[in-house]
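Colleague: Sharing a structure with you now.
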Amino acid sequence: MIGISKTIGVRCDVNKNPTKETDKIRNSSSVGTWVLRVFQGAMAGGGAILPGVSGGVLCVLFGIYQPLMALFAHPIRTLKTRYRFFIPIFIGAGLGFLVLARLVEWLFRTSSILALSLFIGLIAGTLPSLFKDGGKHGTTRGTWTAFAVSLIVLFTGLSYLQTHTGTAITPNGWWFLMCGVVWGFSLVIPGLSSSSILIFIGLYEPMAAGIANLDFSVILPLGAGIAATVLLSARLVHYLFEHHHALMYHLILGVVIASTLLIIPTNFTGIKDLVIALVSFVTGFALAWGMDRYGERIAEA
């Protein structure tokens with residue numbers, strides 16, 4: 001979710017004129033270009049799994065969002081002409097994905113309060129940027145109504161499920177396919193981090209553990225869900241953001257805030273847990289805020 005107001009401008013520049021980042025890539029050696037794209041892919045892949053950080057936004061910052069959207073919309077045609085561009089990016093994304101998955105698994109094993117508070121801080125740290133981006137082209141009563149409706153409906157619906165369903169979800173292939181569907185939308189919608197929803201329904205931790213342990217009973221349905229969602233929604237999502245920018249971002253804000261409120265930890269056993277939660281939240285907020293400022297500097301450079 002970092003620097004979205006600036007990233008939209010970067011995206012437009014990619015369409016019209018070469019960005020400075022693109023110039024650097026063109027002027028570097030082939031090996032240097034390859035290494036740079038691996039690094040960019042690793043950052044985007046890591047951002048995809050870390051709550052509060054949008055892999056889609058990182059792709060925009062690095063100037064690879066538009067090529068990826070072209071790939072998602074026309075995979076065969078795009079791969080035929082630009083496969084050398086995508087190979088290092090996909091290698092890097094896989095590496096970043098696996099490394100962050102192991103870190104997330106370790107955090108949950110160490111302390112669920114620490115992990116949840118850190119993730120909530122990361123998400124909260126991106127909200128100022130989201131509100132700023134949502135109003136970039138102006139706001140209307142309709143956009144704020146959309147925000148209120150999405151927040152209230154999702155919060156009410158998830159709260160009802162939380163209090164009226166006594167059966168916990170048992171992770172299986174179908175549920176991991178659903179995780180892929182939810183995650184797929186966060187890849188094609190810059191600024192949307194869907195991890196808070198997955199944490200709420202209890203699937204984020206087993207999903208991250210499965211990825212970290214290379215469990216293909218998790219990875220295969222997850223990958224299928226991501227691929228299907230991205231391929232089917234890329235064109236529509238891009239159109240909606242181009243023509244209904246404020247409305248889409250305010251809908252996202254409602255979803256993000258509602259799902260985040262429901263994962264706030266309350267099972268503190270003492271002052272130690274409370275201190276851990278506060279320190280973790282502040283750390284996450286500071287990281288997200290710092291990344292947002294860094295993203296703005298990149299976009300302005």
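Convention: chains lettered A, B, ... in structure tokens order; per-chain residue numbering from 1; ligands numbered from 1 as shown.
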Counting only C-alpha atoms, which residues in region 142-164 of chain A sit no more than 6 Å from region 252-265 of chain A? For each one, give the nearest pair of atoms and the distance in Å, sorted by chain then residue number, as JSON lines.

Modeller:
```
{"residue": "A:Phe147", "atom": "CA", "partner": "A:Gly254", "partner_atom": "CA", "distance": 4.9}
{"residue": "A:Ser150", "atom": "CA", "partner": "A:Gly254", "partner_atom": "CA", "distance": 5.0}
{"residue": "A:Leu151", "atom": "CA", "partner": "A:Gly254", "partner_atom": "CA", "distance": 4.0}
{"residue": "A:Phe155", "atom": "CA", "partner": "A:Ala258", "partner_atom": "CA", "distance": 4.9}
```

Colleague: Would you output that residue set with N, CA and C atoms, as a CSV table (one decimal), in the first residue's frame?

Modeller:
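Written out: again19.csv:
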```csv
chain,number,residue,atom,x,y,z
A,147,PHE,N,-17.5,4.0,1.1
A,147,PHE,CA,-16.6,3.6,2.2
A,147,PHE,C,-17.3,3.1,3.5
A,150,SER,N,-19.1,-0.3,2.8
A,150,SER,CA,-18.2,-1.5,2.7
A,150,SER,C,-17.7,-1.8,4.1
A,151,LEU,N,-17.4,-0.7,4.9
A,151,LEU,CA,-16.9,-1.0,6.3
A,151,LEU,C,-17.9,-1.6,7.2
A,155,PHE,N,-17.7,-5.5,8.3
A,155,PHE,CA,-17.5,-5.6,9.8
A,155,PHE,C,-18.7,-6.4,10.4
```

Colleague: Residues near Phe176 (chain A), anyone? I mean within 10 Å using only C-alpha atoms, not counting same-chain ones fewer than 4 positions away, as a ChimeraX atom specification.

Modeller: /A:171-172,180-182,203-204,206-207,210,217-225

Colleague: Using Å and a single decimal, report how far CA of Leu122 (chain A) sits from CA of Phe285 (chain A).

Modeller: 4.9 Å

Colleague: Which residue, A:Leu68, A:Ala208, A:Leu240, A:Leu95, has the smallest gap to Met43 (chain A) when you use only C-alpha atoms?

Modeller: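 When distances to Met43 (chain A) are compared using only C-alpha atoms, the smallest one comes from A:Leu95.
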
Colleague: I'd like the contact shell of Gly41 (chain A) - 9 Å cut-off, only C-alpha atoms, skipping same-chain residues fewer than 6 positions apart - returned as a PyMOL selection string.

Modeller: chain A and resi 59+88-96

Colleague: Could you save those same residues with N, CA and C atoms as a PDB file, in the first residue's frame?

Modeller:
```
ATOM      1  N   CYS A  59       5.199  -3.194  -7.493  1.00  0.00           N
ATOM      2  CA  CYS A  59       5.368  -3.383  -8.937  1.00  0.00           C
ATOM      3  C   CYS A  59       5.225  -2.055  -9.681  1.00  0.00           C
ATOM      4  N   PRO A  88      13.624 -13.201 -14.873  1.00  0.00           N
ATOM      5  CA  PRO A  88      14.263 -12.814 -13.609  1.00  0.00           C
ATOM      6  C   PRO A  88      13.280 -12.264 -12.582  1.00  0.00           C
ATOM      7  N   ILE A  89      12.216 -11.611 -13.041  1.00  0.00           N
ATOM      8  CA  ILE A  89      11.221 -11.074 -12.113  1.00  0.00           C
ATOM      9  C   ILE A  89      10.509 -12.213 -11.383  1.00  0.00           C
ATOM     10  N   PHE A  90      10.136 -13.255 -12.113  1.00  0.00           N
ATOM     11  CA  PHE A  90       9.451 -14.380 -11.496  1.00  0.00           C
ATOM     12  C   PHE A  90      10.373 -15.162 -10.564  1.00  0.00           C
ATOM     13  N   ILE A  91      11.645 -15.293 -10.939  1.00  0.00           N
ATOM     14  CA  ILE A  91      12.614 -15.958 -10.057  1.00  0.00           C
ATOM     15  C   ILE A  91      12.737 -15.176  -8.745  1.00  0.00           C
ATOM     16  N   GLY A  92      12.885 -13.868  -8.850  1.00  0.00           N
ATOM     17  CA  GLY A  92      12.990 -13.030  -7.656  1.00  0.00           C
ATOM     18  C   GLY A  92      11.731 -13.079  -6.809  1.00  0.00           C
ATOM     19  N   ALA A  93      10.565 -13.065  -7.458  1.00  0.00           N
ATOM     20  CA  ALA A  93       9.301 -13.111  -6.715  1.00  0.00           C
ATOM     21  C   ALA A  93       9.192 -14.402  -5.917  1.00  0.00           C
ATOM     22  N   GLY A  94       9.605 -15.520  -6.514  1.00  0.00           N
ATOM     23  CA  GLY A  94       9.573 -16.790  -5.805  1.00  0.00           C
ATOM     24  C   GLY A  94      10.487 -16.793  -4.595  1.00  0.00           C
ATOM     25  N   LEU A  95      11.682 -16.234  -4.753  1.00  0.00           N
ATOM     26  CA  LEU A  95      12.634 -16.176  -3.641  1.00  0.00           C
ATOM     27  C   LEU A  95      12.105 -15.299  -2.506  1.00  0.00           C
ATOM     28  N   GLY A  96      11.609 -14.120  -2.852  1.00  0.00           N
ATOM     29  CA  GLY A  96      11.080 -13.221  -1.833  1.00  0.00           C
ATOM     30  C   GLY A  96       9.876 -13.808  -1.127  1.00  0.00           C
TER      31      GLY A  96
END
```

Colleague: Using only C-alpha atoms, which protein or nucleic acid residues come within 12 Å of region 280-284 of chain A? Drop anything in the same chain fewer than 6 positions from it, and give the result as a list in words.

Modeller: Leu50, Pro51, Gly52, Val53, Leu107, Ser111, Ser112, Ile113, Leu114, Ala115, Leu116, Ser117, Leu118, Phe119, Ile120, Gly121, Leu122, Ile123, Ala124, Gly125, Thr126, Ile264, Pro265, Asp273, Leu274, Gly290 and Met291 of chain A

Colleague: One decimal, Å: what's the distance from CA of His250 (chain A) over to CA of Ser233 (chain A), could you say?

Modeller: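 If I compute the distance from CA of His250 (chain A) to CA of Ser233 (chain A), I get 19.1 Å.
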
Colleague: Distance CA of Ile199 (chain A)-CA of Ser186 (chain A), one decimal place?

Modeller: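 Straight-line distance from CA of Ile199 (chain A) to CA of Ser186 (chain A) works out to 14.6 Å.
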
Colleague: Please identify all polymer residues within 10 Å of Leu231 (chain A), counting only C-alpha atoms, omitting same-chain residues fewer than 6 positions from it, and present them as a ChimeraX atom specification.

Modeller: /A:69,71-75,184,188

Colleague: Taking the DSSP secondary structure from the backbone, can you list the residues of region 127-242 of chain A that are helix (DSSP H, G or I), as a PyMOL selection string?

Modeller: chain A and resi 127-134+141-164+173-188+195-200+204-212+216-242

Colleague: Give me the residues near region 135-140 of chain A as a ChimeraX atom specification, where near means some atom within 8 Å (using only C-alpha atoms) and where sequence neighbours in that chain fewer than 2 positions away do not count.

Modeller: /A:5,131-133,142-144,245-246

Colleague: Which residues are near Val99 (chain A)? Cut-off 10 Å, only C-alpha atoms, ignore same chain within fewer than 4 positions. Put them as a PyMOL selection string.

Modeller: chain A and resi 42+45-46+49+94-95+103-104+211-212
